[in-house]
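A.B. asks: Quick one: the structure is below, questions incoming.
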Amino acid sequence: MLLQTLETFWLWQFLARLHPLMVHFPISLLCVALVLELVDWNRKSDKLRSGITIIIWIGTLSALMAVMFGWMLAGQGDYGGDSLEIHRWSGISTMVLATLALLSLKYKRLPLYRAFLIVSVLGVSFAGHYGAMLTHGDDYLSSVLPFHKNQSTPASATPDFLLANNGETLTPKQVEDLNIEVRTILAHNCYSCHGEAKTKGDLRLDSKDAMMKGGENGVVIIPNHADKSELIRRVSLPSGHKDAMPTKGKRLTEKEITLLRFWIEKGAQWPEGKMKSIYRVAALEPRTPVVPAPTANLSKPVDLFINNYFQKNKISWTNVVDDRTYIRRIYLDIIGLLPPPEKVDTFVKDPSTDKRETLAKELLNRNDDYAQHWMSFWNDVLRNDYSGTGYITGGRFDITKWLYTSLQVNKPYNWFVKELISPGKQSEGFIKGIKWRGTINSSQRTEMQAAQNVSQVFLGLNLKCASCHDSFISDWKLEQSYAFANIFADTLLEINRCDKPTGKMAGRKILFPELGEISVDANTEKRLRQLADYLVQPKDGRLYRTLVNRIWAQLLGRGIVEPVDMMDNEPWSTDLLDWLASDFAANGYDMKKLIFTIVTSKTYQLPSASVKEANDIMANNFKFTGMVRRRLTAEQFSDAISTAFNPMYADSAIVVKLLPDNTRQKLPFPRAGFVKNDAFLTSLGRPNRETVSTSRTSQANLLQALELTNGTKFTETLKRGAKEWLQKYPTSDLLVTVLYRKALGRNPVTKELVVAKKILGPNPSEESIQDLVWALTLAPDFQLIY
Amino acid sequence: MNKNWSRREFLQRASAATLAALAAGAPVSNILSSCKGIGRMESSSDTVILLWMAGGMAHTETFDPKLYTPFEKGMEGNRVLSTFKSMPTILDGIQFSEGLQSIGNVMDKGTLIRSYVAADMGHILHSRHQYHWHTCYEPPQTVAAPHFGSWIAKELGPKNPVIPAFIDIGQRFTVGEAEELKAFHTAGFLGNEFGPFFIPDPSQGLESVRPPVGMDAKRFEKRNQLYNELINNSPVGEFGSDYQRESLKRSMEQAYTLLNSPESKAFDLSTEPKESYNIYNTGKFGLGCLLARRLTEQGARFISVTTEYEPFKGWDTHENGHTRLEAMKKQIDGPIAQLIKDLDKTGHLDRTIVVLASEFSRDMMVEGKPDAKVLEQVAQPDVLSDPKFYGMHRHFTDGGSMLMFGGGIKKGFVYGKTADERPCKTIENPIKIEQVHQTIYQALGIPPETQYEVEKRPFYTTPDGKGKAVAELLS
C-alpha cells in the first residue's frame, strides 16, 4: 500500500502537472465574474446575472480540479516549506469560498453572495501569488522593485555585471570576479553530483577543462551562446521536468541563472594564472594591528579594540559588574570552583583599586587548581579520557599525566603543541588516535585521524570531508589530506576515494607548504619533529589565532570566530583576534598570561549578555556586547555542590593511577574532572571523548532534569550532606544563611529567607535540608555564570 | 486557560495533547542546521520496539534451522549444521528450531528475514558490529554517530511528551566492553536531549520515573513548589530571561510532569495482572518485553529491549552452545510471542514495528565469511570430543535471521534464504543494515535524505543517504 502510493502512477503524475494550467481558470473566471457583478451592481440591474452564474460555476469547478491536481503535485514535487503550505490552504479556502458564493447565489442571498465573491477573488489572488513564488522563486516579483534589497549576493562588493557592461569586453578583474561568482553557484548547487567524488552523467563542473569537455550527452556550455547551452536549458526547466537540474535540493534562483547566462554570453571566461578560492580563507601569517590610542577611561589594548568595535556597531559601554559577580565569575573561569564566602567578603571590602588584577594573578598562580580546572577543557579537545573505547584492546593511550603536568607548569603553548605532535611516550596518545580491532575504513585509519585531529584542534580547519573526497566546503583536496596523513604514517597510505582504493599514492606534505618542506624519506620520528617545528613557527599565525580564539570562547561564552574549529570564518573583530594572537606570541606563548590579559580587561568585566535563542550565539550577525551567559559545566556544577554542600564523589572514585604521583594530595576534594565519566556527568554534558569535542552546549533537557530530579548520584549526596548539616547548623536562619553564602556568595534576601524557612520550619530536618539544597542548586542563579 | 490555575493544577489537567503542543512550541533549539525542504512522508508506524539478541544469535539454531545432527562423541564438527530439531511454525513449509514454537505460532503476524548479512570488518569485535548495527556507521567515526533510536527521537519527537522518546531496557554498562557499548548508546551529535533513557533492570523501571526513593508525593510536590518560589524571589530574576534560564526551568518542569504523570504507572510492572506477568517473567529480558508493551500502550516512540551484552554470556557462546541456547530460547520464546499477541489484541501492533535482530550469526566452523575468513577467536576442534564443543561458537557474518512484525510490515511473509549446506550463507535477497534502517524509517515516514550538517559535512540517517527500503517487506 505504502509503496504503491509512493511510486506514483503515471496518470496521477500527468494530472498533477496540469495544476499550473488549471489554476488559471479559477483565477481569470472568478475575477471576470466579479467585474461583471460590479457592473451589474453599479447599474442596479441583473442583466448579466445568468452569464455570471455560468462563469462562477465553471470557475468553482475548475478551482476544485486545480486543488485536486495541486494536492497531487505537492505530494510528488520537490516543493516544501511555508510557501507551499500557505499556497495549499489558501487555494483550498478559495475553492470553498467560491462554492459558498455559488450556493448563496443559488439561494438568492445577494449580499452574502457578493461578499463571498469578493473574498474569493482576494483569496485566489493571494493563493496565486504564493503559487507563483513556488514556481518562480520567493523574490520573483519583489526583486524588480526599486527598493528591493538583494540579500542573496554571495560576496561583498560584487559589481553588477548587467549594468556595468553593455557588450564591452570585461577587464581581467571582472573576468576573475565573474568567474568566482559562477564557481560559487556551481559549487553550492552542482559539485556534489558533478565533481570528483560523484560524476553523474560523466560530467564534472569543478574544473575548466572538465566543464568545457561536457558529459555523456555532449557539451554543456557553448561560449557566447547561453541559449544554446545545455547547462542553461537544464537549470531553467521547471521543477519536476525529467531534465531539470539540480535534481536534488533547491533550484537555482533567477539571479543565479541570469549570472550563468551572462557569463556564457561573455565567452565563459576563466582568468589567467592561479585561480582565486571561492571560499573565505583566513590569512596564515600573523598580523600585529596598531593598538588604538588610549581614551580617558580605557587603556588596555583589548578594551581599545573593543572600543573601536563598539563605536562601529553603535554599542555603548556599560558599567562593569560588581565585586561579587566578578569574583564568582573569575573563580569559576580560572580554577573552576566557587569562591569561599570569607574570600568574597574580604574581596568586597578590600578598598584597593587593583584588587581585581591581584585576584586574577593569585588565582592563576594556584598552579594545581588551575590545572585541575583546565584539564577538563583540554581532555575534551585532545580526546583524552580515563575510560573509553580502545583501551580494552590496547588501541588507545591516555595522556593524562603529561597533560596535567603541562598545565600545572604552564608549558608554553608552542612546546605544548610540539610535544603532542612529535610526542614522547606520555603524550603520544593524541596522534595515535583510537584503533578498533578489525579492518578500518581508510578515512578512519589512525594516521588519518591524526591528520584530522591535528588540523582541527591546532589549525581550526576541517579535513574530515577531504579525507574521503575533495571537499565541497573548502579547497582542501583528497590528495592533500593523504599527503598530510602520510607524515604520520610509516608507510605511505593508498589514496581511497569514498572508501574505494584508487591505486594512487600522495607524497608527504604539510597542508601549508609555505611553512616548510617535509623530508619525504626521513623516518616517522624525524618527520613528526619537522612537522611540529614547522607548525609552531611564529609565522604560523593560524595556530595561535586558533588557540586564543578557543580561550576567548571559554572565558566569554562565544569565540571571536565561530565555530571555533572553523578559523576560515570571519571574525567579528579581526583586529582583536590578530592582536591577541600576536600578543600571545610576544609573551612567549604563555596561556596564563593570555587569560590574565582577558580577565583583567574591562571587556571581560561587562555585565553578561543574554540571548533569546541558543542559535543567536552562533549566528553570523552576532554582536558582542559582553560575556555570553553560560551554564556551569558538568564538572563545575559537581564541584560547586561538593564545596558548597557535600562532596559528590568519594576518594575512591579518583583515577589515581592515571595521574602524576601525589596529585591526589593536591586535589582539595575528589573533583569531577578526575573521575571516570558516569550517567550524572554525561547528562550534564561531559562528552564521551570518542571524538574531538571543542565546545559544550548549555542547553538544558529532559533527560538531564530527570537525572537531577531523581538520579541516585545527586540524591545520595543530598542525603549524606543533610545529615552533616543538621548537626552543624541546627537553626534554620543559620543554615539558610550559610547555604546562600556558600552557594551564591551572598546572603539571602528577606523574601528568599521567608521562602526557605517555609520548608525548613524553625528547626530544619534532614528531609527539609535535602529539599532546600536541591531547589537552590538547581535554580538558574546557581547553575549559570552571570 | 484560566489564569488562576496554579501550574500544578494546570499540569494535572493538561492532556497529553496540550503538553505536546507546548513542547512543540517551546524554543528547544540546537546548533544543527537541517537540510531544507524535507517533510514527512506517509507513515505506517509510530513506534519501534527493538528486541536485541546481544552477542550473536546463530540463525541455524533459531529461525533458520538446517539438518539436525545429534551429538556423538568423536563426531566431525563439520557435519553439524544444527544442534536442535526443526519444528513446524504456523506458516506452511517454514520451520523454526526447537524451543521457539510460541514465536513460530505468531509468524502469521510478521515477516521472517533469513538473509541478513553483517558487515565485513575483519577481526571480530562484538561491540564494533553492534555499533554498526545501531548507528549504521562503522566505528570509529570522525563525528559522533547517533543511535538509531536517537534519530527517531530527533525526527519524530516523543509520541507522548511525558514518556522519553528513546528508552533503552536491559543493558548495564558495568560489564566488559562497556566503553565500546557506551560509544553507540548515545545521541552523538544530535545532542543529549535525544539520547537513551536507560532502564538497566525492567523490574526497577518505576524507580527511574518516580520521585527519589523515600520521598512521598506530597513532599515531592512541595519541593518542586519551593524550587519555583526560590526562582521567583531571587534578585537575579531582574536580569531578565534568556534561553539558558528558560530552558533550565522548562526542563525541570518536564521532569516534574513526567514523574507525576499517570503514564509513569506504566513503568511499574507490579500493577500488571499476575497471569500476564507470569507469562513474561522468564527473566530480565522477558520483563523487558512486558515493560516495552506497557510503554507502547502509553505512547513510547522507540524502545530497545536487550538480552544484554556481556562478553561470553547470553548469545555470545564460545562453548556449550547447545545447552546455552536452550536456556536463551526459554528466555525469549514466551515473552516475544506474548508481546506480539498483546499488541495485536489492543490494536497497537498496527502502528508499532517490532524488530528482532542480532549483530551477526554464528557457525561451528567458519569465522567471518566463507570467502573472507578472519582470525579465529574460538578454540573449536574439528572433532568433537566433549559436549561443550557442540554448538555454534564461531562468529559468522554471511547470514543471519531477523523478525519484523506490525506497523506496515507484511504478514506471514518470508524474505531471503541461506544455503542448506555449510557454509549456510545467504543465497537469496541479501539485506544489509542500511536497508533494515531505511525500511523502518520509511515505515515511520522519515525520508531517506534526512541529514544534518555536522562541521559542515552532511551526515545522513544511513551512510550518504543511500540506504534503500526493501519494498517487499512492507505491505
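Chain labels run A, B, ... following the order of the C-alpha cells; each chain numbers its residues from 1, and ligands are numbered from 1 in the order shown.
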Distance limit 7 Å, atoms considered: only C-alpha atoms. Which chain A residues sit that close to chain B? Return them as JSON, numbers by chain.
C.D. replies: {"A": [1, 2, 3, 79, 80, 81, 387, 388, 389, 436, 437, 438, 439, 444, 465, 610, 611, 612, 613, 614, 615, 683, 691, 698, 699, 700, 701, 702, 703, 705, 706, 710, 751, 752, 755, 771, 775, 776, 779, 780, 781]}
A.B. asks: Could you pull out the helix (DSSP H, G or I) residues of segment 162-260 of chain A from DSSP and send them as a ChimeraX atom specification?
C.D. replies: /A:162-164,172-189,200-202,208-213,226-228,230-236,254-260
A.B. asks: Could you list, as a ChimeraX atom specification, every residue within 9 Å of segment 350-367 of chain A, counting only C-alpha atoms and ignoring same-chain residues fewer than 6 positions away?
C.D. replies: /A:323,326-327,330-331,334-335,407-410,592-593,595-596,599-600
A.B. asks: Could you write out the selected residues, including C-alpha atoms, as a PDB file, in the first residue's frame?
C.D. replies:
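Saved as selection16.pdb:
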ATOM      1  CA  ASP A 323      32.698  42.565  43.034  1.00  0.00           C
ATOM      2  CA  TYR A 326      33.273  39.295  39.324  1.00  0.00           C
ATOM      3  CA  ILE A 327      34.803  37.062  41.954  1.00  0.00           C
ATOM      4  CA  ILE A 330      36.747  34.621  37.761  1.00  0.00           C
ATOM      5  CA  TYR A 331      36.949  31.788  40.284  1.00  0.00           C
ATOM      6  CA  ILE A 334      40.290  30.211  36.253  1.00  0.00           C
ATOM      7  CA  ILE A 335      40.109  27.413  38.792  1.00  0.00           C
ATOM      8  CA  LEU A 407      49.079  22.624  32.591  1.00  0.00           C
ATOM      9  CA  GLN A 408      50.496  22.701  36.082  1.00  0.00           C
ATOM     10  CA  VAL A 409      53.830  24.081  34.911  1.00  0.00           C
ATOM     11  CA  ASN A 410      52.085  26.289  32.369  1.00  0.00           C
ATOM     12  CA  LYS A 592      48.135  32.082  31.769  1.00  0.00           C
ATOM     13  CA  LYS A 593      49.306  35.464  30.564  1.00  0.00           C
ATOM     14  CA  ILE A 595      43.971  34.511  30.361  1.00  0.00           C
ATOM     15  CA  PHE A 596      45.214  37.326  32.586  1.00  0.00           C
ATOM     16  CA  VAL A 599      40.043  38.572  32.529  1.00  0.00           C
ATOM     17  CA  THR A 600      41.509  41.888  33.646  1.00  0.00           C
TER      18      THR A 600
END
A.B. asks: Could you pull out all residues of segment 274-385 of chain B with a DSSP call of strand (DSSP E) and give them as a ChimeraX atom specification?
C.D. replies: /B:302-306,352-357,361-363,368-369,372-373,383-384
A.B. asks: Can you spit out the residues from that selection as a compact mmCIF listing (two decimals), in the first residue's frame, using C-alpha atoms?
C.D. replies:
# COMPACT_ATOMS: atom_id res chain seq x y z
CA PHE B 302 11.48 3.90 20.43
CA ILE B 303 12.22 1.13 22.87
CA SER B 304 15.13 -1.22 22.81
CA VAL B 305 14.96 -4.39 24.89
CA THR B 306 18.14 -6.40 25.02
CA THR B 352 4.19 -0.48 16.02
CA ILE B 353 7.11 -2.23 14.40
CA VAL B 354 8.70 -4.95 16.46
CA VAL B 355 12.14 -5.98 15.21
CA LEU B 356 14.23 -8.85 16.44
CA ALA B 357 17.89 -8.76 15.43
CA SER B 361 25.19 -15.04 13.39
CA ARG B 362 27.34 -17.95 14.45
CA ASP B 363 28.66 -21.11 12.91
CA GLY B 368 33.74 -14.27 9.48
CA LYS B 369 32.61 -15.01 5.95
CA ALA B 372 36.68 -13.55 3.79
CA LYS B 373 37.64 -15.53 6.86
CA VAL B 383 36.45 -33.46 16.08
CA LEU B 384 34.05 -33.03 18.99
A.B. asks: Which residue gives the smallest distance to Arg542 of chain A among A:Gln456, A:Thr295, A:Asn621, A:Thr524, with only C-alpha atoms counted?
C.D. replies: A:Gln456
